[in-house]
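> Before anything else, here's the structure in question.
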Amino acid sequence: MPAVVTPWWRNRRLIPWLVQGGVGLALLVLIAFLLGNLVRNLAAAGLLLSWGWLDNPAGFDLSETLLPFDAGLPYWRALLAGLVNTLRVVLAGLVGATVLGTLVGVASFSGNGLLRRLARIYVELIRNIPLLLQLLFWYFVVFLALPGGAEAIQLPGVVLAKSGLYLGRPELVNGVWQAPLRLTVEFSALLTGLVVYTAAFIAEVVRGGVASVPSGQWEASRSLGFTPAMTLRRIVLPQALRVIVPALNSQYISLAKNSSLAVACGFTDLYSVAETTLNQTGRAVEVILILLGSYLLLDLLISALMNGLNGLVQLKER
Amino acid sequence: MALLRRLAFAVPLLASMALAGCASNDGAVQSQKLGAIKARDKLICGVEGKLPGFSFVNPDGSYTGLDVDVCKAVAAAVLGDPAKVEYRDLNSSERFAALASGEVDLLSRNTTFTLSRDAAGGNGLSFAPPVFYDGQGVMAPTASGVKRLADLAGKPICVETGTTTELNLADRMREIKAAYTPLKFQTSDQTYAAYLQGRCAAVTSDRSQLAAKRTSFPDPAAHALLPDVLSKEPLAPATTNADPAWADAVRWVVFALMQAEESGISQASVDARVAQAKADTNQADLRRFLGVEGDFGKHLGLPPDFVVRAVKAVGNYGEIFERNVGAGSQLKLERGLNRQWKDGGLIYSPPFR
């Protein structure tokens, strides 16, 4: 009996390789064509990618920076200062949104009907309004409406004034508030907006996580004499984390990306500095590449950390 | 999302650069842009859109202003109809990407003519002659007691990001060794809203823009311009270096508006002057300018009577100025530097010959 030879066009091992290879090759050719054309046209316009301008003095000032900055320093220092500002608001935002989101998420399981309904109203109201509108609201309607000077709102240890939030024994010196820690209204408005917005989504994630724990767990721990608070902390939340952490990852990434809306409320973040840089230098392609790279790195970093955390909270099979 | 908005402009820019290939340039007045505009039968003009006197949207949705009239004049010259314009509102950071990517044909948006914007190694724009000579100023509430720039030391100043204003402010404050806090906003609306809310001790921009914006404040008399002029700001329409023939056409339409004022040709009198030029063969200058003889239009890739069409659509430069920003407007700005050269100003058209 002669061996049955499968013709190559019906070979189930070969065909997928051929198709994938063909599509991959076509994609590579297209990318090479686009890149080649881009480089050729940029060269023709005298705009070939170059990075020397990063060392030129920036010539503009920044309103608030952790790193010392003045107009005489180079562009890369300005961009770095912007990146540090972005990191500052993102870190503070992550902490704030996690705390608020967890509280609201847990509140939706509260035995107190008022608290439960308030939590639902908060979530539905906040997550259905665009973030940009909320930021404009916080900045222009809430924070800029604060009184200034001696009329500022004074709480123990905190002063809320139009010029900023002053923490730790603020004093009024010559009509200007002085305090060890001052947050500008721009930073405060952006942080408030990001925290309030992201917390609404995190609350839903937490609610879903808690709901995924079988009700038998609640009942069992109640019958063992645990208080509701202890049940939540010792029994339910550790199990809920397995569901919560992966979903939390994308909320954290969203927050980091949304921080680029800072320019709406006058905060000097990476995007704001990049925009000024782009306009002063005309280096659109390079500046956009820096922006893309920075946000990509930031989000990958957050993802990596969250994946690490995810590994810790998952069920360990021994 | 702001990043997304920027990408919306940057991606077409990259894509168009990537796909553009090699433009053929075989004929003298072969202009891709002019051809595209004629084929589309519409001029796409980038404007500010929120600046009374320069470009402003009326309650009925139509646009008016000095910058808008430049768009109309160009549309009338190229397409024969000042209404064949599609306006795009651009903020100061979007404008150059929009022009470079071909999103708009012409940028008529109170843009300062500078070296880095003009140079091929910079933004690579091609500027038409300035249609408004301005200077950067500072406005502060009269009640605040701020009288000079130096009074602003240590105080926050509101400024629109992506403008020459931002740099000039940094330079001048450094000169007088005054520390200050620049608060930067993406749109003029946000900038003035923050100023009116009292977040900044002052707001800085071109003096004409400050005057224009002040007319829409709740109490215009409570705000005053400081005497300091921080910079020269010649505001000019712009196209790109990529299509020199199109840039020339725009340039000479603008010059035509200026020359028309110098020659005493107004919107009302242009028809009579054409009849006069046709009747009297001795008025060679006038006949050439109005396209009765010669082929200036052809050189530019425009109809022979492009000057007549433009002036008939929007009037001469003086009429445009007075109607939009001068005595006939709310702004009531002085002609100042924007007078004809014969009257001691800077408006000067090279000869039409």
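Identifiers for the structure tokens are assigned positionally: chains receive A, B, ... in sequence, residues are indexed from 1 per chain, and ligands are indexed from 1 in the order shown.
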Which of segment 195-348 of chain B end up as alpha helix (DSSP H) when DSSP is run on this backbone - answer as number ranges by chain?

B: 195-196, 207-214, 244-262, 270-279, 284-289, 296-300, 306-314, 317-324

> Which polymer residues have any atom within 8 Å of an atom of Gly193 of chain A, counting only C-alpha atoms, with same-chain residues fewer than 5 positions away left out, as a PyMOL selection string?

chain A and resi 131+134-135+138

> For a quick test of understanding: name the residues of chain A lying within 6 Å of chain B when counting only C-alpha atoms, and present them as a ChimeraX atom specification.

/A:34,37-38,41,46,60,63,261,266,276,279,282

> Could you write those residues out with C-alpha atoms, as an mmCIF file, in the first residue's frame?


```cif
data_model
loop_
_atom_site.group_PDB
_atom_site.id
_atom_site.type_symbol
_atom_site.label_atom_id
_atom_site.label_comp_id
_atom_site.auth_asym_id
_atom_site.auth_seq_id
_atom_site.Cartn_x
_atom_site.Cartn_y
_atom_site.Cartn_z
ATOM 1 C CA LEU A 34 5.909 54.032 6.579
ATOM 2 C CA ASN A 37 8.835 57.563 4.213
ATOM 3 C CA LEU A 38 8.604 59.328 7.565
ATOM 4 C CA ASN A 41 10.069 63.372 4.560
ATOM 5 C CA GLY A 46 14.991 69.435 7.852
ATOM 6 C CA PHE A 60 10.361 79.345 30.516
ATOM 7 C CA SER A 63 4.995 77.350 38.713
ATOM 8 C CA LEU A 261 -5.652 66.295 32.187
ATOM 9 C CA GLY A 266 -3.279 74.811 35.550
ATOM 10 C CA THR A 276 5.249 74.263 26.181
ATOM 11 C CA ASN A 279 5.680 74.920 21.018
ATOM 12 C CA GLY A 282 8.819 72.830 17.124
#
```

> Counting only C-alpha atoms, give me one row per residue of segment 48-158 of chain A with an atom at most 10 Å from an atom of segment 185-191 of chain A, showing the shortest contact pair and its distance in Å to one decimal, sorted by chain then residue number, as CSV.


```
residue,atom,partner,partner_atom,distance
A:Glu64,CA,A:Phe187,CA,9.2
A:Asn85,CA,A:Phe187,CA,9.3
A:Arg88,CA,A:Phe187,CA,9.6
A:Val89,CA,A:Leu191,CA,6.3
A:Val90,CA,A:Leu191,CA,8.2
A:Leu91,CA,A:Leu191,CA,9.9
A:Ala92,CA,A:Leu191,CA,7.4
A:Gly93,CA,A:Leu191,CA,5.9
A:Leu94,CA,A:Leu191,CA,9.7
A:Gly96,CA,A:Leu191,CA,8.6
A:Ala97,CA,A:Leu191,CA,9.5
A:Gln134,CA,A:Leu190,CA,9.5
A:Leu135,CA,A:Leu190,CA,6.3
A:Leu136,CA,A:Ala189,CA,8.5
A:Phe137,CA,A:Ala189,CA,8.8
A:Trp138,CA,A:Ala189,CA,5.4
A:Tyr139,CA,A:Ala189,CA,5.1
A:Phe140,CA,A:Ala189,CA,8.8
A:Val142,CA,A:Ala189,CA,8.3
A:Phe143,CA,A:Val185,CA,6.2
A:Leu144,CA,A:Val185,CA,7.4
A:Leu146,CA,A:Val185,CA,9.5
```

> Could you turn the residues from that selection into a file that holds C-alpha atoms, as a CSV table (one decimal), in the first residue's frame?


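The resulting selection_15.csv:
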```
chain,number,residue,atom,x,y,z
A,64,GLU,CA,5.6,74.6,41.2
A,85,ASN,CA,5.2,66.5,39.4
A,88,ARG,CA,3.7,63.1,42.8
A,89,VAL,CA,0.1,63.6,41.9
A,90,VAL,CA,-0.2,60.0,40.7
A,91,LEU,CA,1.2,58.5,43.9
A,92,ALA,CA,-1.0,60.7,46.1
A,93,GLY,CA,-3.9,59.9,43.9
A,94,LEU,CA,-3.4,56.1,44.1
A,96,GLY,CA,-6.3,58.5,48.2
A,97,ALA,CA,-8.4,56.7,45.6
A,134,GLN,CA,-15.2,67.3,37.1
A,135,LEU,CA,-11.7,68.7,37.1
A,136,LEU,CA,-13.0,72.1,35.8
A,137,PHE,CA,-15.7,72.0,38.5
A,138,TRP,CA,-13.3,71.3,41.3
A,139,TYR,CA,-10.8,73.9,40.2
A,140,PHE,CA,-13.1,76.8,39.1
A,142,VAL,CA,-14.8,74.8,44.4
A,143,PHE,CA,-11.1,75.7,44.9
A,144,LEU,CA,-11.0,79.1,43.2
A,146,LEU,CA,-12.3,79.9,48.3
```

> Could you name the residues that touch Leu80 of chain A at 12 Å or less, counting only C-alpha atoms, but leaving out those on the same chain fewer than 6 positions away, as a ChimeraX atom specification?

/A:54,62,65-69,73-74,86-87,268-274,290-291,294

> Please produce a file of the residues just selected, as a PDB file, in the first residue's frame, where the atoms kept are N, CA and C atoms.


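So result-v7.pdb came out as:
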```pdb
ATOM      1  N   LEU A  54      17.514  69.055  23.666  1.00  0.00           N
ATOM      2  CA  LEU A  54      17.216  68.785  25.080  1.00  0.00           C
ATOM      3  C   LEU A  54      18.188  69.497  26.007  1.00  0.00           C
ATOM      4  N   LEU A  62       8.465  77.376  35.558  1.00  0.00           N
ATOM      5  CA  LEU A  62       7.415  76.452  35.981  1.00  0.00           C
ATOM      6  C   LEU A  62       6.886  76.928  37.323  1.00  0.00           C
ATOM      7  N   THR A  65       7.512  73.093  41.506  1.00  0.00           N
ATOM      8  CA  THR A  65       8.313  71.907  41.216  1.00  0.00           C
ATOM      9  C   THR A  65       8.917  71.381  42.505  1.00  0.00           C
ATOM     10  N   LEU A  66       9.088  70.069  42.553  1.00  0.00           N
ATOM     11  CA  LEU A  66       9.836  69.484  43.669  1.00  0.00           C
ATOM     12  C   LEU A  66      11.316  69.675  43.416  1.00  0.00           C
ATOM     13  N   LEU A  67      11.733  69.426  42.162  1.00  0.00           N
ATOM     14  CA  LEU A  67      13.113  69.676  41.783  1.00  0.00           C
ATOM     15  C   LEU A  67      13.262  71.168  41.561  1.00  0.00           C
ATOM     16  N   PRO A  68      14.357  71.765  42.072  1.00  0.00           N
ATOM     17  CA  PRO A  68      14.536  73.192  41.817  1.00  0.00           C
ATOM     18  C   PRO A  68      14.658  73.437  40.319  1.00  0.00           C
ATOM     19  N   PHE A  69      13.987  74.478  39.811  1.00  0.00           N
ATOM     20  CA  PHE A  69      14.031  74.750  38.379  1.00  0.00           C
ATOM     21  C   PHE A  69      13.974  76.245  38.119  1.00  0.00           C
ATOM     22  N   LEU A  73      17.809  76.578  33.043  1.00  0.00           N
ATOM     23  CA  LEU A  73      18.131  75.148  32.969  1.00  0.00           C
ATOM     24  C   LEU A  73      17.628  74.554  31.655  1.00  0.00           C
ATOM     25  N   PRO A  74      18.243  73.428  31.234  1.00  0.00           N
ATOM     26  CA  PRO A  74      17.884  72.867  29.923  1.00  0.00           C
ATOM     27  C   PRO A  74      16.493  72.221  29.899  1.00  0.00           C
ATOM     28  N   THR A  86       4.140  64.864  37.891  1.00  0.00           N
ATOM     29  CA  THR A  86       3.155  63.850  37.527  1.00  0.00           C
ATOM     30  C   THR A  86       3.204  62.688  38.512  1.00  0.00           C
ATOM     31  N   LEU A  87       4.431  62.215  38.822  1.00  0.00           N
ATOM     32  CA  LEU A  87       4.572  61.105  39.763  1.00  0.00           C
ATOM     33  C   LEU A  87       3.976  61.459  41.116  1.00  0.00           C
ATOM     34  N   THR A 268       1.298  72.016  36.669  1.00  0.00           N
ATOM     35  CA  THR A 268       2.444  71.810  35.795  1.00  0.00           C
ATOM     36  C   THR A 268       2.862  70.356  35.799  1.00  0.00           C
ATOM     37  N   ASP A 269       2.187  69.504  35.057  1.00  0.00           N
ATOM     38  CA  ASP A 269       2.606  68.104  34.995  1.00  0.00           C
ATOM     39  C   ASP A 269       3.460  67.876  33.754  1.00  0.00           C
ATOM     40  N   LEU A 270       3.817  66.628  33.507  1.00  0.00           N
ATOM     41  CA  LEU A 270       4.678  66.316  32.367  1.00  0.00           C
ATOM     42  C   LEU A 270       4.045  66.792  31.069  1.00  0.00           C
ATOM     43  N   TYR A 271       2.742  66.562  30.927  1.00  0.00           N
ATOM     44  CA  TYR A 271       2.079  66.930  29.681  1.00  0.00           C
ATOM     45  C   TYR A 271       2.116  68.438  29.453  1.00  0.00           C
ATOM     46  N   SER A 272       1.883  69.189  30.528  1.00  0.00           N
ATOM     47  CA  SER A 272       1.899  70.651  30.420  1.00  0.00           C
ATOM     48  C   SER A 272       3.278  71.153  29.997  1.00  0.00           C
ATOM     49  N   VAL A 273       4.337  70.613  30.624  1.00  0.00           N
ATOM     50  CA  VAL A 273       5.698  71.024  30.273  1.00  0.00           C
ATOM     51  C   VAL A 273       6.006  70.620  28.829  1.00  0.00           C
ATOM     52  N   ALA A 274       5.570  69.408  28.449  1.00  0.00           N
ATOM     53  CA  ALA A 274       5.837  68.927  27.097  1.00  0.00           C
ATOM     54  C   ALA A 274       5.163  69.815  26.068  1.00  0.00           C
ATOM     55  N   ILE A 290       8.683  61.312  23.566  1.00  0.00           N
ATOM     56  CA  ILE A 290       9.047  61.353  24.991  1.00  0.00           C
ATOM     57  C   ILE A 290       7.804  61.145  25.850  1.00  0.00           C
ATOM     58  N   LEU A 291       6.706  61.840  25.474  1.00  0.00           N
ATOM     59  CA  LEU A 291       5.460  61.715  26.223  1.00  0.00           C
ATOM     60  C   LEU A 291       4.953  60.274  26.205  1.00  0.00           C
ATOM     61  N   SER A 294       7.158  58.044  28.304  1.00  0.00           N
ATOM     62  CA  SER A 294       7.057  58.262  29.750  1.00  0.00           C
ATOM     63  C   SER A 294       5.792  57.638  30.315  1.00  0.00           C
TER      64      SER A 294
END
```

> Residues at most 7 Å from Leu48 of chain A, counting only C-alpha atoms, excluding those fewer than 4 positions away in the same chain, as a list in words?

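The neighbour list is Val39, Leu42 and Ala43 of chain A.
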
> Identify, with DSSP run on backbone atoms, the residues in segment 224-301 of chain B assigned to strand (DSSP E), and express the list as a list in words.

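Taking segment 224-301 of chain B and keeping strand (DSSP E) gives Ala224, Leu225, Lys232, Glu233, Pro234, Leu235, Ala238, Thr239 and Thr240 of chain B.
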
> Given the selection you just returned, output its residues as a file containing C-alpha atoms, formatted as an mmCIF file, in the first residue's frame.


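What follows is the written file result_18.cif:
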```
data_model
loop_
_atom_site.group_PDB
_atom_site.id
_atom_site.type_symbol
_atom_site.label_atom_id
_atom_site.label_comp_id
_atom_site.auth_asym_id
_atom_site.auth_seq_id
_atom_site.Cartn_x
_atom_site.Cartn_y
_atom_site.Cartn_z
ATOM 1 C CA ALA B 224 -6.416 98.190 33.519
ATOM 2 C CA LEU B 225 -3.533 97.519 31.154
ATOM 3 C CA LYS B 232 6.936 93.107 19.696
ATOM 4 C CA GLU B 233 4.094 90.932 18.457
ATOM 5 C CA PRO B 234 3.517 91.186 14.724
ATOM 6 C CA LEU B 235 0.461 88.995 14.133
ATOM 7 C CA ALA B 238 0.609 81.675 7.999
ATOM 8 C CA THR B 239 0.891 78.755 5.609
ATOM 9 C CA THR B 240 3.639 76.125 5.430
#
```

> At a cut-off of 12 Å, using only C-alpha atoms, what residues contact segment 57-62 of chain B? Leave out same-chain residues fewer than 5 positions from it and give the result as an MDAnalysis selection string.

chainID B and resid 47:52 68:69 83 85:89

> Measure the distance from atom CA of Gln259 of chain B to atom CA of Arg109 of chain B in Å and round it to one decimal.

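Going from atom CA of Gln259 of chain B over to atom CA of Arg109 of chain B, I get 22.0 Å.
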
> So that I can check the surroundings of Val29 of chain B, please list as number ranges by chain every protein, DNA and RNA residue that reaches within 7 Å of it, counting only C-alpha atoms and ignoring chain neighbours fewer than 2 positions away.

B: 27, 31, 245, 299-301

> Enter the distance from atom CA of Leu106 of chain B to atom CA of Gly46 of chain B, in Å, rounded to one decimal.

6.2 Å

> Do you have the atom CA of Ala150 of chain B-atom CA of Ala178 of chain B distance handy?

6.9 Å

> Please determine, counting only C-alpha atoms, which residue among B:Asp243, B:Gly137, B:Lys312, B:Trp252 has the shortest atom-to-atom distance to Val274 of chain B.

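Closest to Val274 of chain B of all the choices is B:Lys312.
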
> So that I can check the surroundings of Leu337 of chain B, please list as number ranges by chain every protein, DNA and RNA residue that reaches within 8 Å of it, counting only C-alpha atoms and ignoring chain neighbours fewer than 2 positions away.

B: 133, 335, 339, 344-347
